[in-house]
$ cat work34.tsv   # TSV, C-alpha atoms
chain	number	residue	atom	x	y	z
B	1	MET	CA	12.85	1.97	-5.64
B	2	SER	CA	15.44	-0.23	-7.31
B	3	GLY	CA	14.98	-3.97	-7.73
B	4	GLU	CA	17.96	-4.48	-5.41
B	5	ALA	CA	16.26	-2.48	-2.69
B	6	ALA	CA	13.09	-4.47	-3.17
B	7	ALA	CA	13.93	-7.59	-1.37
B	8	ALA	CA	11.67	-8.75	2.49
B	9	ALA	CA	8.47	-10.43	2.68
B	10	GLU	CA	5.87	-10.19	5.39
B	11	GLY	CA	7.03	-12.09	8.40
B	12	ILE	CA	10.59	-10.70	8.58
B	13	GLU	CA	10.71	-7.76	10.98
B	14	THR	CA	13.67	-5.41	10.63
B	15	HIS	CA	11.66	-2.26	11.14
B	16	GLU	CA	12.82	-0.06	14.02
B	17	HIS	CA	16.12	-1.94	14.21
B	18	ALA	CA	19.53	-1.20	12.81
B	19	PRO	CA	20.74	-3.63	10.14
B	20	GLY	CA	21.87	-6.83	11.80
B	21	ALA	CA	20.18	-6.04	15.11
B	22	ALA	CA	17.88	-8.69	16.50
B	23	PRO	CA	14.24	-7.62	16.57
B	24	ALA	CA	12.63	-7.37	19.95
B	25	GLY	CA	10.25	-10.14	20.91
B	26	PRO	CA	6.61	-9.58	21.82
B	27	ALA	CA	5.79	-7.93	25.08
B	28	ALA	CA	5.40	-10.42	27.90
B	29	SER	CA	4.43	-8.32	30.90
B	30	HIS	CA	1.50	-9.61	32.87
B	31	GLY	CA	0.62	-6.61	35.00
B	32	SER	CA	-2.79	-5.93	36.43
B	33	SER	CA	-3.22	-2.21	35.89
B	34	ALA	CA	-5.03	-0.73	32.95
B	35	ASP	CA	-1.79	0.95	31.93
B	36	VAL	CA	-0.45	-2.40	30.83
B	37	GLY	CA	-2.88	-2.18	27.93
B	38	ALA	CA	-2.90	-5.29	25.83
B	39	GLY	CA	0.71	-6.36	25.75
B	40	VAL	CA	-0.06	-10.05	25.78
B	41	GLY	CA	2.99	-11.70	24.30
B	42	GLY	CA	3.23	-15.17	25.82
B	43	PRO	CA	6.32	-16.74	27.29
B	44	ALA	CA	8.43	-18.97	25.08
B	45	LEU	CA	7.54	-22.64	25.53
B	46	SER	CA	9.32	-25.86	24.74
B	47	SER	CA	8.10	-27.83	21.73
B	48	SER	CA	6.64	-30.53	23.98
B	49	ALA	CA	4.68	-27.92	25.91
B	50	THR	CA	3.28	-25.97	22.98
B	51	ALA	CA	0.73	-28.64	22.14
B	52	ARG	CA	-1.30	-28.28	25.33
B	53	LEU	CA	-0.16	-25.16	27.18
B	54	PRO	CA	0.58	-22.52	24.55
B	55	TYR	CA	-1.96	-19.86	25.19
B	56	VAL	CA	-1.47	-16.56	26.90
B	57	ALA	CA	-3.45	-16.27	30.08
B	58	PRO	CA	-6.98	-14.90	29.61
B	59	SER	CA	-7.02	-11.17	29.35
B	60	SER	CA	-8.40	-10.29	32.78
B	61	TYR	CA	-5.15	-8.41	33.40
B	62	LEU	CA	-5.75	-6.40	30.23
B	63	ARG	CA	-9.23	-5.32	31.03
B	64	PRO	CA	-9.53	-1.73	32.21
B	65	PRO	CA	-11.92	-0.94	35.05
B	66	SER	CA	-15.35	-1.66	33.63
B	67	ARG	CA	-17.70	1.18	33.01
B	68	SER	CA	-21.06	1.08	34.63
B	69	SER	CA	-23.58	-0.53	32.31
B	70	ALA	CA	-26.47	1.37	33.91
B	71	PRO	CA	-28.34	3.80	31.64
B	72	GLN	CA	-26.89	7.27	31.76
B	73	SER	CA	-28.87	10.15	33.09
B	74	PRO	CA	-30.26	12.69	30.62
B	75	SER	CA	-27.77	15.25	31.88
B	76	ASN	CA	-24.93	13.06	30.60
B	77	ARG	CA	-26.38	12.66	27.14
B	78	ILE	CA	-25.58	14.87	24.16
B	79	GLN	CA	-28.48	17.26	23.74
B	80	PRO	CA	-30.48	17.04	20.48
B	81	VAL	CA	-30.41	19.89	18.00
B	82	ALA	CA	-33.51	21.91	17.39
B	83	ALA	CA	-35.82	20.17	14.93
B	84	GLY	CA	-36.91	22.32	12.06
B	85	SER	CA	-37.31	19.72	9.31
B	86	ASP	CA	-37.47	15.99	8.70
B	87	ALA	CA	-33.69	15.89	8.45
B	88	ALA	CA	-33.38	17.79	11.72
B	89	ASP	CA	-35.88	15.42	13.35
B	90	SER	CA	-33.78	12.48	12.23
B	91	GLU	CA	-30.60	14.10	13.51
B	92	SER	CA	-32.36	14.91	16.78
B	93	THR	CA	-33.38	11.29	17.23
B	94	ALA	CA	-29.83	10.12	16.55
B	95	SER	CA	-28.43	12.64	19.02
B	96	GLN	CA	-30.87	11.56	21.71
B	97	SER	CA	-29.62	7.97	21.44
B	98	MET	CA	-25.92	8.92	21.34
B	99	THR	CA	-23.99	8.82	24.58
B	100	PRO	CA	-20.64	10.48	25.26
B	101	LEU	CA	-19.09	7.02	24.82
B	102	ASP	CA	-20.66	6.80	21.35
B	103	ALA	CA	-19.35	10.24	20.44
B	104	GLU	CA	-15.85	9.35	21.62
B	105	GLN	CA	-15.92	6.10	19.65
B	106	ILE	CA	-16.95	7.93	16.48
B	107	ALA	CA	-14.24	10.55	16.98
B	108	GLY	CA	-11.66	7.78	17.27
B	109	LEU	CA	-12.86	6.08	14.10
B	110	LYS	CA	-12.84	9.36	12.19
B	111	ALA	CA	-9.27	10.05	13.26
B	112	ILE	CA	-8.12	6.62	12.08
B	113	ARG	CA	-9.88	6.94	8.72
B	114	ALA	CA	-8.46	10.41	8.16
B	115	PHE	CA	-4.98	9.07	8.91
B	116	LEU	CA	-5.37	6.16	6.48
B	117	LYS	CA	-6.50	8.51	3.71
B	118	VAL	CA	-3.41	10.73	3.89
B	119	ARG	CA	-0.81	8.00	4.36
B	120	THR	CA	0.47	5.81	1.55
B	121	SER	CA	1.58	2.20	1.50
B	122	TYR	CA	5.18	3.43	1.17
B	123	ASP	CA	4.84	4.98	4.62
B	124	VAL	CA	4.28	1.58	6.22
B	125	LEU	CA	7.47	0.02	4.88
B	126	PRO	CA	10.30	-0.42	7.40
B	127	LEU	CA	13.60	1.33	6.89
B	128	SER	CA	15.30	-1.93	6.01
B	129	TYR	CA	13.65	-4.97	4.52
B	130	ARG	CA	13.98	-7.70	1.94
B	131	LEU	CA	11.50	-9.14	-0.51
B	132	ILE	CA	11.49	-12.72	-1.72
B	133	VAL	CA	9.81	-13.24	-5.09
B	134	PHE	CA	9.21	-16.66	-6.65
B	135	ASP	CA	9.30	-17.35	-10.37
B	136	THR	CA	6.28	-19.37	-11.45
B	137	SER	CA	8.60	-22.01	-12.94
B	138	LEU	CA	9.95	-22.85	-9.45
B	139	LEU	CA	9.07	-26.24	-7.97
B	140	VAL	CA	6.48	-26.13	-5.19
B	141	ARG	CA	8.81	-28.23	-3.03
B	142	LYS	CA	11.65	-25.71	-3.35
B	143	SER	CA	9.39	-22.74	-2.68
B	144	LEU	CA	8.22	-24.42	0.53
B	145	ASN	CA	11.80	-24.91	1.70
B	146	VAL	CA	12.57	-21.23	1.05
B	147	LEU	CA	9.56	-20.09	3.07
B	148	ILE	CA	10.60	-22.26	6.00
B	149	GLN	CA	14.24	-21.18	5.88
B	150	CYS	CA	13.33	-17.49	5.70
B	151	GLY	CA	10.54	-17.68	8.28
B	152	ILE	CA	7.88	-16.21	6.00
B	153	VAL	CA	4.41	-17.41	5.04
B	154	SER	CA	3.83	-15.76	1.66
B	155	ALA	CA	5.67	-14.45	-1.40
B	156	PRO	CA	4.78	-12.63	-4.63
B	157	LEU	CA	4.88	-14.66	-7.85
B	158	TRP	CA	6.60	-13.46	-11.02
B	159	ASP	CA	6.02	-14.71	-14.56
B	160	SER	CA	9.44	-14.35	-16.21
B	161	LYS	CA	7.97	-15.15	-19.63
B	162	THR	CA	5.76	-12.08	-19.62
B	163	SER	CA	7.70	-10.06	-17.00
B	164	THR	CA	4.52	-9.50	-15.02
B	165	PHE	CA	3.28	-9.92	-11.47
B	166	ALA	CA	1.49	-13.29	-11.30
B	167	GLY	CA	-0.18	-13.19	-7.91
B	168	LEU	CA	0.64	-13.97	-4.31
B	169	LEU	CA	1.66	-17.38	-3.00
B	170	THR	CA	0.19	-18.05	0.44
B	171	VAL	CA	-0.22	-20.92	2.88
B	172	ASN	CA	-3.62	-21.63	1.35
B	173	ASP	CA	-1.94	-22.64	-1.90
B	174	TYR	CA	0.10	-25.33	-0.14
B	175	ILE	CA	-3.03	-26.52	1.64
B	176	ASN	CA	-4.75	-26.78	-1.74
B	177	VAL	CA	-1.87	-28.93	-3.03
B	178	VAL	CA	-2.19	-31.20	0.02
B	179	GLN	CA	-5.93	-31.47	-0.51
B	180	TYR	CA	-5.47	-32.22	-4.20
B	181	TYR	CA	-3.04	-35.08	-3.65
B	182	TRP	CA	-5.16	-36.43	-0.83
B	183	GLN	CA	-8.05	-36.72	-3.28
B	184	ASN	CA	-5.77	-38.03	-6.04
B	185	PRO	CA	-3.29	-40.36	-4.28
B	186	GLU	CA	-2.15	-41.84	-7.59
B	187	ALA	CA	-0.59	-38.47	-8.42
B	188	LEU	CA	1.37	-38.22	-5.15
B	189	SER	CA	4.52	-39.58	-6.79
B	190	GLN	CA	4.58	-36.47	-9.00
B	191	VAL	CA	4.41	-33.97	-6.16
B	192	ASP	CA	8.17	-33.28	-6.17
B	193	GLN	CA	7.94	-32.14	-9.81
B	194	PHE	CA	4.93	-29.91	-9.30
B	195	LYS	CA	5.58	-26.27	-10.29
B	196	LEU	CA	4.04	-23.05	-9.02
B	197	SER	CA	2.68	-22.41	-12.51
B	198	SER	CA	0.42	-25.45	-12.06
B	199	LEU	CA	-1.42	-24.05	-9.05
B	200	ARG	CA	-4.24	-22.90	-11.31
B	201	GLU	CA	-4.90	-26.52	-12.25
B	202	VAL	CA	-5.19	-27.43	-8.59
B	203	GLU	CA	-7.63	-24.58	-7.97
B	204	ARG	CA	-9.85	-25.67	-10.84
B	205	ALA	CA	-9.77	-29.31	-9.73
B	206	LEU	CA	-10.78	-28.41	-6.16
B	207	GLY	CA	-13.13	-25.58	-7.06
B	208	VAL	CA	-11.45	-23.30	-4.52
B	209	THR	CA	-10.73	-19.58	-4.50
B	210	PRO	CA	-8.10	-18.69	-7.14
B	211	ILE	CA	-4.67	-17.47	-6.13
B	212	GLU	CA	-4.63	-13.88	-4.85
B	213	THR	CA	-3.84	-11.39	-7.63
B	214	VAL	CA	-4.94	-8.14	-6.02
B	215	SER	CA	-2.21	-5.48	-5.80
B	216	ILE	CA	-1.85	-1.74	-5.38
B	217	HIS	CA	0.57	1.03	-6.33
B	218	PRO	CA	2.75	1.99	-3.35
B	219	LEU	CA	1.73	5.66	-3.60
B	220	ARG	CA	-1.98	4.94	-3.27
B	221	SER	CA	-3.48	5.62	0.14
B	222	LEU	CA	-3.54	3.07	2.92
B	223	TYR	CA	-7.30	3.51	3.01
B	224	GLU	CA	-7.52	2.22	-0.55
B	225	ALA	CA	-5.13	-0.64	0.21
B	226	CYS	CA	-7.30	-1.68	3.16
B	227	THR	CA	-10.44	-1.46	1.07
B	228	ARG	CA	-8.96	-3.69	-1.63
B	229	MET	CA	-7.87	-6.26	0.92
B	230	LEU	CA	-11.32	-6.38	2.49
B	231	GLN	CA	-13.04	-6.67	-0.88
B	232	SER	CA	-10.81	-9.55	-1.96
B	233	ARG	CA	-10.63	-11.12	1.52
B	234	ALA	CA	-6.83	-10.94	1.27
B	235	ARG	CA	-4.76	-10.58	4.44
B	236	ARG	CA	-1.86	-8.94	2.62
B	237	ILE	CA	-1.41	-6.97	-0.57
B	238	PRO	CA	1.65	-6.66	-2.84
B	239	LEU	CA	2.86	-3.19	-3.80
B	240	VAL	CA	3.42	-3.13	-7.56
B	241	ASP	CA	5.11	-0.19	-9.29
B	242	VAL	CA	6.14	0.41	-12.91
B	243	ASP	CA	9.77	0.88	-13.90
B	244	ASP	CA	10.25	4.32	-15.51
B	245	GLU	CA	12.72	3.05	-18.09
B	246	THR	CA	11.29	-0.30	-19.13
B	247	GLN	CA	7.63	0.42	-18.31
B	248	ARG	CA	7.47	-3.05	-16.82
B	249	GLU	CA	5.87	-3.98	-13.52
B	250	MET	CA	8.05	-4.53	-10.48
B	251	VAL	CA	7.05	-5.80	-7.07
B	252	VAL	CA	8.23	-3.41	-4.37
B	253	SER	CA	7.06	-5.11	-1.17
B	254	LEU	CA	4.12	-6.60	0.71
B	255	VAL	CA	1.84	-4.83	3.15
B	256	THR	CA	-0.15	-6.90	5.62
B	257	GLN	CA	-3.22	-6.15	7.70
B	258	TYR	CA	-1.08	-6.57	10.81
B	259	ARG	CA	1.52	-4.06	9.64
B	260	ILE	CA	-1.16	-1.49	8.79
B	261	LEU	CA	-3.00	-1.88	12.09
B	262	LYS	CA	0.28	-1.67	13.99
B	263	PHE	CA	1.20	1.47	12.02
B	264	VAL	CA	-2.15	2.95	13.05
B	265	SER	CA	-1.79	1.95	16.70
B	266	VAL	CA	1.70	3.50	16.88
B	267	ASN	CA	0.81	6.77	15.16
B	268	VAL	CA	-2.86	7.45	15.97
B	269	ARG	CA	-3.33	7.99	19.68
B	270	GLU	CA	-7.07	8.32	19.11
B	271	THR	CA	-7.21	4.51	19.00
B	272	GLN	CA	-7.48	4.82	22.78
B	273	MET	CA	-10.82	6.58	22.24
B	274	LEU	CA	-12.28	3.27	21.07
B	275	ARG	CA	-13.57	2.49	24.55
B	276	LYS	CA	-16.55	0.37	23.66
B	277	PRO	CA	-16.10	-3.26	24.73
B	278	LEU	CA	-16.66	-6.09	22.27
B	279	ARG	CA	-19.97	-6.94	23.94
B	280	ASP	CA	-21.31	-3.62	22.59
B	281	LEU	CA	-19.94	-4.33	19.10
B	282	PRO	CA	-21.86	-7.49	18.10
B	283	THR	CA	-20.82	-7.26	14.43
B	284	VAL	CA	-17.10	-7.33	15.30
B	285	GLY	CA	-15.91	-10.91	15.41
B	286	THR	CA	-17.42	-14.33	14.77
B	287	TYR	CA	-19.47	-15.93	17.51
B	288	GLY	CA	-21.60	-18.64	15.93
B	289	ASN	CA	-21.04	-21.81	13.94
B	290	LEU	CA	-17.35	-22.01	14.83
B	291	ALA	CA	-15.29	-24.91	13.52
B	292	VAL	CA	-13.45	-26.66	16.37
B	293	ALA	CA	-11.26	-29.72	16.85
B	294	HIS	CA	-9.63	-31.71	19.64
B	295	MET	CA	-6.10	-32.87	20.41
B	296	ASP	CA	-6.78	-36.32	18.94
B	297	THR	CA	-8.39	-35.00	15.75
B	298	PRO	CA	-6.39	-36.05	12.64
B	299	VAL	CA	-4.52	-33.20	10.99
B	300	MET	CA	-6.06	-34.00	7.60
B	301	SER	CA	-9.52	-33.61	9.09
B	302	VAL	CA	-8.58	-30.09	10.21
B	303	ILE	CA	-7.09	-29.31	6.80
B	304	HIS	CA	-10.34	-30.39	5.13
B	305	THR	CA	-12.16	-28.01	7.45
B	306	LEU	CA	-9.82	-25.13	6.63
B	307	VAL	CA	-10.46	-25.63	2.90
B	308	LYS	CA	-14.19	-26.27	3.14
B	309	ARG	CA	-14.88	-23.32	5.44
B	310	ASP	CA	-12.25	-21.04	3.82
B	311	ILE	CA	-10.82	-20.14	7.23
B	312	SER	CA	-7.29	-19.75	8.58
B	313	CYS	CA	-7.51	-21.41	11.99
B	314	VAL	CA	-9.45	-23.95	14.06
B	315	PRO	CA	-9.62	-23.65	17.87
B	316	ILE	CA	-8.60	-26.81	19.76
B	317	LEU	CA	-10.79	-27.63	22.76
B	318	ASP	CA	-10.86	-30.29	25.45
B	319	LYS	CA	-13.94	-32.44	26.04
B	320	ASP	CA	-15.41	-29.74	28.29
B	321	GLY	CA	-15.06	-26.98	25.67
B	322	THR	CA	-12.06	-25.32	27.33
B	323	LEU	CA	-9.65	-23.66	24.92
B	324	LEU	CA	-6.32	-25.49	24.72
B	325	ASN	CA	-4.75	-24.24	21.51
B	326	VAL	CA	-5.38	-23.15	17.93
B	327	PHE	CA	-4.34	-25.03	14.80
B	328	GLU	CA	-3.42	-22.39	12.21
B	329	ALA	CA	-3.05	-22.73	8.48
B	330	VAL	CA	0.63	-21.80	8.84
B	331	ASP	CA	1.16	-24.93	10.93
B	332	VAL	CA	0.79	-26.96	7.72
B	333	ILE	CA	4.02	-25.46	6.35
B	334	VAL	CA	6.01	-26.80	9.31
B	335	LEU	CA	4.48	-30.26	8.88
B	336	LEU	CA	5.54	-30.38	5.24
B	337	LYS	CA	9.13	-29.43	6.01
B	338	GLY	CA	11.50	-31.61	4.02
B	339	GLY	CA	8.64	-33.06	1.99
B	340	ASP	CA	7.54	-35.31	4.85
B	341	TYR	CA	3.89	-35.82	3.92
B	342	ASP	CA	3.57	-38.58	6.55
B	343	ASN	CA	3.25	-35.80	9.14
B	344	LEU	CA	-0.23	-35.17	7.78
B	345	ASN	CA	-1.28	-38.45	9.39
B	346	LEU	CA	-0.49	-37.12	12.87
B	347	SER	CA	-3.04	-36.03	15.43
B	348	VAL	CA	-3.41	-32.31	16.07
B	349	GLY	CA	-1.70	-32.66	19.46
B	350	LYS	CA	1.38	-34.33	17.96
B	351	ALA	CA	1.47	-31.85	15.09
B	352	LEU	CA	1.47	-28.85	17.42
B	353	GLU	CA	4.51	-30.23	19.25
B	354	LYS	CA	6.50	-29.52	16.07
B	355	ARG	CA	6.11	-25.78	16.49
B	356	ALA	CA	9.24	-23.76	17.13
B	357	ASP	CA	10.43	-23.43	20.72
B	358	ASP	CA	9.92	-19.68	20.56
B	359	PHE	CA	6.25	-19.96	19.61
B	360	PRO	CA	4.74	-17.05	21.58
B	361	GLY	CA	1.37	-18.60	22.35
B	362	ILE	CA	-2.10	-17.63	21.25
B	363	TYR	CA	-3.80	-14.38	22.16
B	364	THR	CA	-7.08	-14.22	24.00
B	365	CYS	CA	-9.60	-11.58	24.97
B	366	THR	CA	-13.12	-11.44	26.36
B	367	ILE	CA	-16.24	-9.58	25.32
B	368	ASN	CA	-15.42	-7.07	28.08
B	369	ASP	CA	-12.19	-5.92	26.44
B	370	ARG	CA	-12.19	-2.61	24.61
B	371	LEU	CA	-11.17	-2.19	21.00
B	372	GLY	CA	-8.64	0.44	22.08
B	373	THR	CA	-7.02	-2.15	24.35
B	374	ILE	CA	-6.86	-4.59	21.44
B	375	PHE	CA	-5.14	-1.95	19.30
B	376	ASP	CA	-2.61	-1.66	22.12
B	377	THR	CA	-2.08	-5.42	21.91
B	378	ILE	CA	-1.34	-5.11	18.21
B	379	ARG	CA	1.13	-2.30	18.91
B	380	LYS	CA	3.07	-4.35	21.45
B	381	SER	CA	2.89	-7.87	20.03
B	382	ARG	CA	2.68	-9.67	16.72
B	383	VAL	CA	-0.99	-10.61	16.80
B	384	HIS	CA	-2.90	-12.11	13.88
B	385	ARG	CA	-6.12	-12.97	15.70
B	386	LEU	CA	-7.55	-13.13	19.19
B	387	ILE	CA	-9.61	-15.99	20.59
B	388	ILE	CA	-12.62	-14.75	22.56
B	389	ILE	CA	-13.15	-16.71	25.76
B	390	ASP	CA	-15.08	-16.30	29.00
B	391	GLU	CA	-13.79	-16.32	32.56
B	392	ASN	CA	-13.71	-20.14	32.50
B	393	LYS	CA	-11.60	-20.24	29.31
B	394	GLN	CA	-14.60	-21.51	27.36
B	395	LEU	CA	-14.54	-20.61	23.66
B	396	LYS	CA	-16.96	-17.84	22.73
B	397	GLY	CA	-15.72	-16.50	19.40
B	398	LEU	CA	-12.89	-15.38	17.14
B	399	LEU	CA	-11.64	-11.88	16.44
B	400	SER	CA	-9.53	-11.53	13.29
B	401	LEU	CA	-7.57	-8.56	12.02
B	402	SER	CA	-10.02	-8.47	9.11
B	403	ASP	CA	-12.85	-7.99	11.62
B	404	ILE	CA	-11.02	-5.06	13.21
B	405	LEU	CA	-10.14	-3.53	9.86
B	406	HIS	CA	-13.70	-3.89	8.54
B	407	TYR	CA	-15.17	-2.21	11.60
B	408	THR	CA	-12.59	0.57	11.51
B	409	LEU	CA	-13.28	1.38	7.86
B	410	ASN	CA	-16.94	0.53	7.39
B	411	SER	CA	-18.89	1.02	10.61
B	412	PRO	CA	-21.42	3.88	10.29
B	413	ILE	CA	-20.25	7.09	11.94
B	414	GLY	CA	-22.57	9.69	10.43
B	415	ASP	CA	-21.84	12.64	8.09
B	416	GLU	CA	-19.26	10.48	6.30
B	417	GLU	CA	-18.08	11.11	2.79
B	418	PRO	CA	-19.52	8.92	0.03
$ encode --input "work34.tsv" --output "structure tokens"
Amino acid sequence: MSGEAAAAAEGIETHEHAPGAAPAGPAASHGSSADVGAGVGGPALSSSATARLPYVAPSSYLRPPSRSSAPQSPSNRIQPVAAGSDAADSESTASQSMTPLDAEQIAGLKAIRAFLKVRTSYDVLPLSYRLIVFDTSLLVRKSLNVLIQCGIVSAPLWDSKTSTFAGLLTVNDYINVVQYYWQNPEALSQVDQFKLSSLREVERALGVTPIETVSIHPLRSLYEACTRMLQSRARRIPLVDVDDETQREMVVSLVTQYRILKFVSVNVRETQMLRKPLRDLPTVGTYGNLAVAHMDTPVMSVIHTLVKRDISCVPILDKDGTLLNVFEAVDVIVLLKGGDYDNLNLSVGKALEKRADDFPGIYTCTINDRLGTIFDTIRKSRVHRLIIIDENKQLKGLLSLSDILHYTLNSPIGDEEP
């Protein structure tokens, strides 16, 4: 692919649309039948409303008719194989404990993994896209303005001195800069002259995770791309090729966890075989020791939490523990628009009012929702995480795309290849 063709970063959707056509917004139907699946795009809200009433209604309308939780009769269980050895005995025991629901879940996971192993990262790319790459000599202030103007949250970095890929700039890097100048207020006057090449100094000073440098060749399998993202805890991975003539690296595009999971949900109908609800998948999601905040919590306090806990969002609750909103790492970019660092002194409630009018809301689910339904949500709407709540809208946990990807790739399914 030519350098001219390599130009759109994650966050700009032109896929499935003719050039110049406006992309469709997230699904917003609120039906009650199981056929609705998980299309949970929220209605657009005014900026004054997004602080307190941004979330999509709890997912009771998504939930398919619940299966009976009563033990199944022996006639409904998969019969064990004849035991003729220790291995057969082990297999027999496993078969005795496997229900038809287990077997269907495993079949769904196998289909997804097989699909990921034969598809490449090139396959995920939309027909038309652009890629924004930052030179490491660019000022941090200017890079922030470009991200805001283009509506993206990350960009590959390029070292023009060595003509090499230099990593991936993400929201976390801007948060690190904020944290650094908060701890070193005497250096705040120099912030406008701070360059992207100096981010390493900030990382060392804060002792935080270095800038993401993981990448993959676009012809490698999606399975390998997913594995690398999970190993590095990256939410997106740049595709880096080598020019045939110059033998120099060139960045082709970015692939995100969301784009991969959506690609799977669109093309692998076996995702609907993942009928187990979250309550039966205790390792999927985070349920304990959750960081939370309130509407009157200072923004800087939340930023400190994001850095300290190495997380990307903090649920916002009222005094009774009811979910009101979520402060996301990407919200920091909006606050820094125009270099207005005074916005960091706002409360969370005031900060969230600065979100765009078309902010879709946050996405919720309950422990009774099936993973197949959640895949349907990803297919219909631009989802980056789901907040797990109960019937009273009380916070119970968080479900990230990384959680879904990890379960899809790494959960034991038996007779799997090494």
$ closest_residue --input "work34.tsv" --among "B:Leu222, B:Phe375, B:Arg248, B:Tyr341" --to "Thr162 (chain B)" --atoms "only C-alpha atoms"
B:Arg248
$ closest_residue --input "work34.tsv" --among "B:Ser253, B:Ser381, B:Thr305, B:Thr408" --to "Lys110 (chain B)" --atoms "only C-alpha atoms"
B:Thr408
$ closest_residue --input "work34.tsv" --among "B:Asn325, B:Asn176, B:Gln394, B:Ser121" --to "Tyr223 (chain B)" --atoms "all atoms listed in the file"
B:Ser121
$ residues_around --input "work34.tsv" --residues "Trp158 (chain B)" --least-positions-apart "3" --cutoff "7 Å" --atoms "all atoms listed in the file" --output "short mmCIF file (atom, residue, chain, number, x, y, z; two decimals) with C-alpha atoms, keeping the file's coordinate frame"
data_model
loop_
_atom_site.label_atom_id
_atom_site.label_comp_id
_atom_site.auth_asym_id
_atom_site.auth_seq_id
_atom_site.Cartn_x
_atom_site.Cartn_y
_atom_site.Cartn_z
CA VAL B 133 9.81 -13.24 -5.09
CA PHE B 134 9.21 -16.66 -6.65
CA ASP B 135 9.30 -17.35 -10.37
CA THR B 136 6.28 -19.37 -11.45
CA SER B 163 7.70 -10.06 -17.00
CA THR B 164 4.52 -9.50 -15.02
CA PHE B 165 3.28 -9.92 -11.47
CA ALA B 166 1.49 -13.29 -11.30
#
$ closest_residue --input "work34.tsv" --among "B:Ser347, B:Glu212, B:Tyr287, B:Asp318" --to "Arg233 (chain B)" --atoms "all atoms listed in the file"
B:Glu212
$ closest_residue --input "work34.tsv" --among "B:Thr227, B:Ser137, B:Ser312, B:Ser411" --to "Leu199 (chain B)" --atoms "all atoms listed in the file"
B:Ser137
$ closest_residue --input "work34.tsv" --among "B:Val208, B:Leu116, B:Ala155, B:Met229" --to "Leu131 (chain B)" --atoms "only C-alpha atoms"
B:Ala155
$ residues_around --input "work34.tsv" --residues "Tyr407 (chain B)" --least-positions-apart "5" --cutoff "10 Å" --atoms "only C-alpha atoms" --output "PDB file with C-alpha atoms, in the coordinates of the input"
ATOM      1  CA  LEU B 109     -12.860   6.080  14.100  1.00  0.00           C
ATOM      2  CA  LEU B 281     -19.940  -4.330  19.100  1.00  0.00           C
ATOM      3  CA  THR B 283     -20.820  -7.260  14.430  1.00  0.00           C
ATOM      4  CA  VAL B 284     -17.100  -7.330  15.300  1.00  0.00           C
ATOM      5  CA  GLY B 285     -15.910 -10.910  15.410  1.00  0.00           C
ATOM      6  CA  LEU B 401      -7.570  -8.560  12.020  1.00  0.00           C
ATOM      7  CA  SER B 402     -10.020  -8.470   9.110  1.00  0.00           C
ATOM      8  CA  PRO B 412     -21.420   3.880  10.290  1.00  0.00           C
TER       9      PRO B 412
END
$ residues_around --input "work34.tsv" --residues "Leu206 (chain B)" --least-positions-apart "5" --cutoff "9 Å" --atoms "only C-alpha atoms" --output "PyMOL selection string"
chain B and resi 176+179-180+201
$ residues_near_point --input "work34.tsv" --point "(-1.8, -21.5, 4.8)" --cutoff "6 Å" --atoms "only C-alpha atoms" --output "PyMOL selection string"
chain B and resi 170-172+329-330
$ write_last_selection --input "work34.tsv" --atoms "C-alpha atoms" --output "PDB file, in the coordinates of the input"
ATOM      1  CA  THR B 170       0.190 -18.050   0.440  1.00  0.00           C
ATOM      2  CA  VAL B 171      -0.220 -20.920   2.880  1.00  0.00           C
ATOM      3  CA  ASN B 172      -3.620 -21.630   1.350  1.00  0.00           C
ATOM      4  CA  ALA B 329      -3.050 -22.730   8.480  1.00  0.00           C
ATOM      5  CA  VAL B 330       0.630 -21.800   8.840  1.00  0.00           C
TER       6      VAL B 330
END
$ atom_distance --input "work34.tsv" --atom1 "CA of Lys262 (chain B)" --atom2 "CA of Leu395 (chain B)"
25.9 Å
$ residues_around --input "work34.tsv" --residues "Gly338 (chain B)" --least-positions-apart "4" --cutoff "10 Å" --atoms "all atoms listed in the file" --output "PyMOL selection string"
chain B and resi 141-142+144-145+148+333-334
$ residues_around --input "work34.tsv" --residues "Gln272 (chain B)" --least-positions-apart "3" --cutoff "10 Å" --atoms "all atoms listed in the file" --output "ChimeraX atom specification"
/B:37,104-105,108,265,268-269,275,370-376
$ atom_distance --input "work34.tsv" --atom1 "CA of Asp403 (chain B)" --atom2 "CA of Thr297 (chain B)"
27.7 Å
$ atom_distance --input "work34.tsv" --atom1 "CA of Pro126 (chain B)" --atom2 "CA of Leu405 (chain B)"
20.8 Å
$ decode --input "work34.tsv" --residues "region 343-354 of chain B" --atoms "C-alpha atoms" --output "JSON list (two decimals), in the first residue's frame"
[["chain", "number", "residue", "atom", "x", "y", "z"],
["B", 343, "ASN", "CA", -10.32, 22.94, 33.23],
["B", 344, "LEU", "CA", -8.44, 20.37, 35.27],
["B", 345, "ASN", "CA", -9.62, 22.22, 38.39],
["B", 346, "LEU", "CA", -13.26, 21.48, 37.56],
["B", 347, "SER", "CA", -15.43, 18.92, 39.30],
["B", 348, "VAL", "CA", -16.25, 15.73, 37.41],
["B", 349, "GLY", "CA", -19.85, 16.89, 36.90],
["B", 350, "LYS", "CA", -18.78, 20.18, 35.30],
["B", 351, "ALA", "CA", -16.15, 18.44, 33.20],
["B", 352, "LEU", "CA", -18.64, 15.96, 31.76],
["B", 353, "GLU", "CA", -20.86, 18.83, 30.59],
["B", 354, "LYS", "CA", -18.12, 19.66, 28.08]]
